[in-house]
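Participant: The structure follows.
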Amino acid sequence: MKASGEELVEALRRSLKEIQRLKQANQRSADRAREPIAIVGIGCRYPGGVRSARDLGRLVADGVDALGAFPVNRGWDLDALFHPDPDHAGTTYAREGGFLHDADGFDAEFFGISPREALGMDPQQRLLLEVAWETLEHAGIDPAGLRGTATGVFVGALTSEYGPRLHEPTAGYDGYLLTGSTLSVASGRISYVLGLEGPAITVDTACSSSLVAIHLAVQALRRGECELALAGGVTVMATPGMYVEFARQRGLAPDGRCKSFAAAADGTGWGEGAGMLLLERLSDARRLGHPVLAVIRGTAVNQDGASNGLTAPNGPSQQRVIRAALAEAGLAAAEVDAVEAHGTGTTLGDPIEAQAILATYGQDRPADRPLWLGSLKSNIGHTMAAAGVGGVIKMVMAMERGVLPRTLHVDEPSPHVDWSEGSVSLLAESRVWPGGGRPRRAGVSSFGISGTNAHLILEEAPVVSEGSPVIGGDGLGAGAGAGAGMGAGVGGVSAGSSLVVWPLSARSEEALREQARRLGGYLADRRDADVVAVAHGLATGRAHFAHRAVIVDPMVGGVEQVVGVGESVVGGALGAVAEGRVHPGVVYGRVSAQGPGKTVFVFPGQGSQQAGMGLELYDTFEVFRGALDECDRALGAHTGWSVVQVLRGGAGAPTLAGAEVVQPVLFAVMVSLARLWRSWGIVPDAV
């Protein structure tokens with residue numbers, strides 16, 4: 001039987017709708033595949049006392065050379081290790097580098113790890129745990145609150161030669177050597193300790209490891225394999241093996257300094273460090289109100305293949321990886337302002353890298369807008385698996401400051417590079433980084449001795465029209481030794497009134513004092529900080545620990561009153577906590593060893609009522625208003641009158657005189673108050 005004309009039209013209409021639906025679905029899929037990835041948190045440790053992104057930004061802005069003598073706490077025979085002859089077996093002719101001299105410090109108890117197991121753990125694993133915790137807190141996220149979530153961990157790491165080999169006798173940590181030294185556990189242990197259920201991957205592509213880890217994290221977020229991702233890298237040299245091996249190859253700079261792209265370049269210099277980013281799809285970061293520090297627009301990874309040598313860099317491959325990253329970002333080379341280069345300071349690698357940058361970024365640029373070139377390695381040395389992420393952090397802070405920092409140790413540009421082949425200039429001096437017309441953008445390169453190359457396109461954070469981000473801790477999280485365990489305890493904010501509450505907590509009294517000292521230092525140059533945002537971050541973005549202090553001060557005093565007038569925090573409420581002193585604006589407390597127990601609400605039945613109670617909360621807070629309206633509707637079905645009208649003294653409403661009115665109204669107000677407290681993080685959702 002033939003279909004009627006109306007049936008044919010209807011079938012065609014359905015087909016067109018389905019085609020449109022499929023087109024929209026394909027477009028959403030394509031958009032997600034290239035969605036910008038937001039950096040919402042940063043944690044790091046690098047030479048020169050760097051314990052936060054802000055520290056690293058300050059170090060490069062001030063032009064600090066953070067290299068120094070070999071560490072004395074690792075059992076190295078320093079007298080026998082040095083020899084000026086490169087051919088002298090088992091020695092190195094360089095005796096300076098960028099070291100984390102406190103890499104042996106670790107608060108094992110904070111992470112629930114026994115002393116024996118901690119002794120068997122590679123220091124790189126210990127450092128990653130601390131930095132991962134700090135990164136989450138920097139984003140205003142309670143690390144304990146991510147348990148069971150699809151959060152991924154992507155770590156770049158190299159074998160550190162820590163401890164004996166598996167078949168050799170151990171010194172008191174039998175049974176822990178395998179998990180303590182296996183690279184896969186570097187990422188897996190973070191997931192285990194925090195209860196994260198997204199992908200956990202450790203990457204070893206030599207010196208490009210951390211940038212490759214970031215690339216994998218970006219791809220996993222875009223594919224929906226995880227909702228959040230910790231990504232970065234770590235390097236701690238447990239032995240001087242890298243110095244001895246590179247001395248044989250004559251690849252070390254005698255003074256230990258990387259003179260990136262300079263005529264004086266004479267080899268690389270080693271450094272140590274750890275860096276971690278918390279990544280999230282930009283749309284999710286905006287929806288959840290997480291602070292966007294910068295945006296990753298595109299990443300790319302490739303390999304040299306059968307090129308001019310296993311360990312030799314390959315210029316054409318470097319050009320291809322740069323172009324691939326630009327293509328994924330949807331940008332032209334001229335739309336990028338600067339490149340944080342690999343820049344190891346070797347006479348072979350630097351000219352090859354510079355020529356690749358000239359051939360890509362140096363073409364078709366306005367004469368007055370060259371590509372600016374620099375390298376963090378000139379400040380802290382080549383931190384190997386932590387180098388790429390360090391370059392990203394450096395450029396995030398440079399975007400925030402609006403200044404491109406100078407590259408150290410540049411006498412003049414390398415004569416082995418034909419700088420006339422493109423518009424590229426070496427950052428021998430710092431330069432203002434103009435903003436305005438379009439976002440600031442930078443490329444970051446990392447190339448591994450394995451032949452694996454990585455490039456990343458970074459863009460400054462989009463302008464937010466309204467709302468203040470919750471502050472991060474700038475390194476106010478778990479630290480080595482006494483500084484560890486400084487999460488915030490319970491507390492809240494009384495916004496819209498004249499009171500602000502700053503809660504602090506830690507695993508021990510000493511750590512609590514350190515938490516106060518660090519917060520005071522963070523705010524020392526931020527006297528105009530939003531005290532409500534600070535309070536909200538401390539109340540909801542920190543874990544809850546046993547030793548607690550709550551600072552309660554009028555908002556009219558602002559940060560000046562809480563911190564204390566002048567450069568020192570001593571004299572203010574934070575100074576009192578830092579010294580363990582009594583202060584009228586500080587309340588101390590401690591949760592019992594049995595834990596905090598369960599929260600119980602005891603509502604007054606009668607006698608505490610007053611006219612107009614709760615109306616200011618009702619008019620100020622949506623959460624309180626919603627709860628009271630809900631109670632009003634539920635009670636009104638039985639009483640025949642309105643709770644809200646009773647509180648407002650409305651015409652025809654009963655007064656707070658009899659028990660039949662007082663008790664329902666008090667119940668409604670108390671339930672609404674409890675709901676408000678929960679929204680502030682004062683009490684758990686389930687009680």
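Each chain of the structure tokens is named A, B, ... in the order shown, its residues numbered from 1; ligands are numbered from 1 in display order.
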Please provide the set of residues having any atom within 12 Å of Leu196 of chain A, restricted to only C-alpha atoms, with same-chain residues fewer than 3 positions apart removed, written as a PyMOL selection string.
Facilitator: chain A and resi 132+143-154+187-193+199-200+226-230
Participant: Using only C-alpha atoms, find each residue of segment 289-341 of chain A with at least one atom at most 9 Å away from an atom of segment 352-376 of chain A; report its shortest atom-to-atom pair and that distance in Å (one decimal), sort the rows by chain and rising residue number, and return the result as a Markdown table.
Facilitator:
```
| residue | atom | partner | partner_atom | distance |
| --- | --- | --- | --- | --- |
| A:Pro313 | CA | A:Ile352 | CA | 7.1 |
| A:Asn314 | CA | A:Ile352 | CA | 7.1 |
| A:Gly315 | CA | A:Ile352 | CA | 5.5 |
| A:Pro316 | CA | A:Ala356 | CA | 7.0 |
| A:Ser317 | CA | A:Ala356 | CA | 8.7 |
| A:Gln318 | CA | A:Ala356 | CA | 6.2 |
| A:Gln319 | CA | A:Ala356 | CA | 5.2 |
| A:Arg320 | CA | A:Thr360 | CA | 8.9 |
| A:Ile322 | CA | A:Thr360 | CA | 7.3 |
| A:Arg323 | CA | A:Thr360 | CA | 7.2 |
| A:Ala332 | CA | A:Tyr361 | CA | 8.7 |
| A:Ala333 | CA | A:Tyr361 | CA | 5.0 |
| A:Ala334 | CA | A:Arg365 | CA | 5.4 |
| A:Glu335 | CA | A:Arg365 | CA | 8.8 |
| A:Val336 | CA | A:Leu371 | CA | 7.4 |
| A:Asp337 | CA | A:Leu371 | CA | 5.5 |
| A:Ala338 | CA | A:Trp372 | CA | 4.4 |
| A:Val339 | CA | A:Leu373 | CA | 5.2 |
| A:Glu340 | CA | A:Gly374 | CA | 5.3 |
| A:Ala341 | CA | A:Ser375 | CA | 5.3 |
```
Participant: Please identify the alpha helix (DSSP H) residues within segment 297-382 of chain A (assignment by DSSP from backbone atoms) and present them as a PyMOL selection string.
Facilitator: chain A and resi 315-329+349-360+377-380
Participant: Would you work out the distance separating atom CA of Leu56 of chain A from atom CA of Ala220 of chain A, expressed in Å to one decimal?
Facilitator: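 Going from atom CA of Leu56 of chain A over to atom CA of Ala220 of chain A covers 27.8 Å.
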Participant: In Å, with one decimal, what is the gap from atom CA of Asp411 of chain A to atom CA of Arg250 of chain A?
Facilitator: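 Taking atom CA of Asp411 of chain A and atom CA of Arg250 of chain A, their separation equals 21.8 Å.
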Participant: Given only C-alpha atoms as the basis, pick out the residue of A:Gly75, A:Gln609, A:Gly451, A:Arg507 nearest to Ala108 of chain A.
Facilitator: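 That would be A:Arg507, the residue with the smallest distance to Ala108 of chain A.
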Participant: Applying 7 Å and only C-alpha atoms, which residues near Gly345 of chain A remain after dropping the ones on its own chain fewer than 2 positions away? List them as an NGL selection string.
Facilitator: :A and (258-261 or 265-268 or 343 or 347 or 350)
Participant: Which value, in Å to one decimal, gives the distance between atom CA of Asp122 of chain A and atom CA of Gly180 of chain A?
Facilitator: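 These two atoms are separated by 5.5 Å.
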Participant: Applying 9 Å and only C-alpha atoms, which residues near Tyr173 of chain A remain after dropping the ones on its own chain fewer than 4 positions away? List them as a list of chain:residue names.
Facilitator: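 So the residues in contact are A:Pro115, A:Arg116, A:Glu117, A:Ala118, A:Leu119, A:Gly120, A:Leu177.
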Participant: Please identify all polymer residues within 7 Å of Ser450 of chain A, counting only C-alpha atoms, omitting same-chain residues fewer than 6 positions from it, and present them as JSON, numbers by chain.
Facilitator: {"A": [205, 206, 311]}
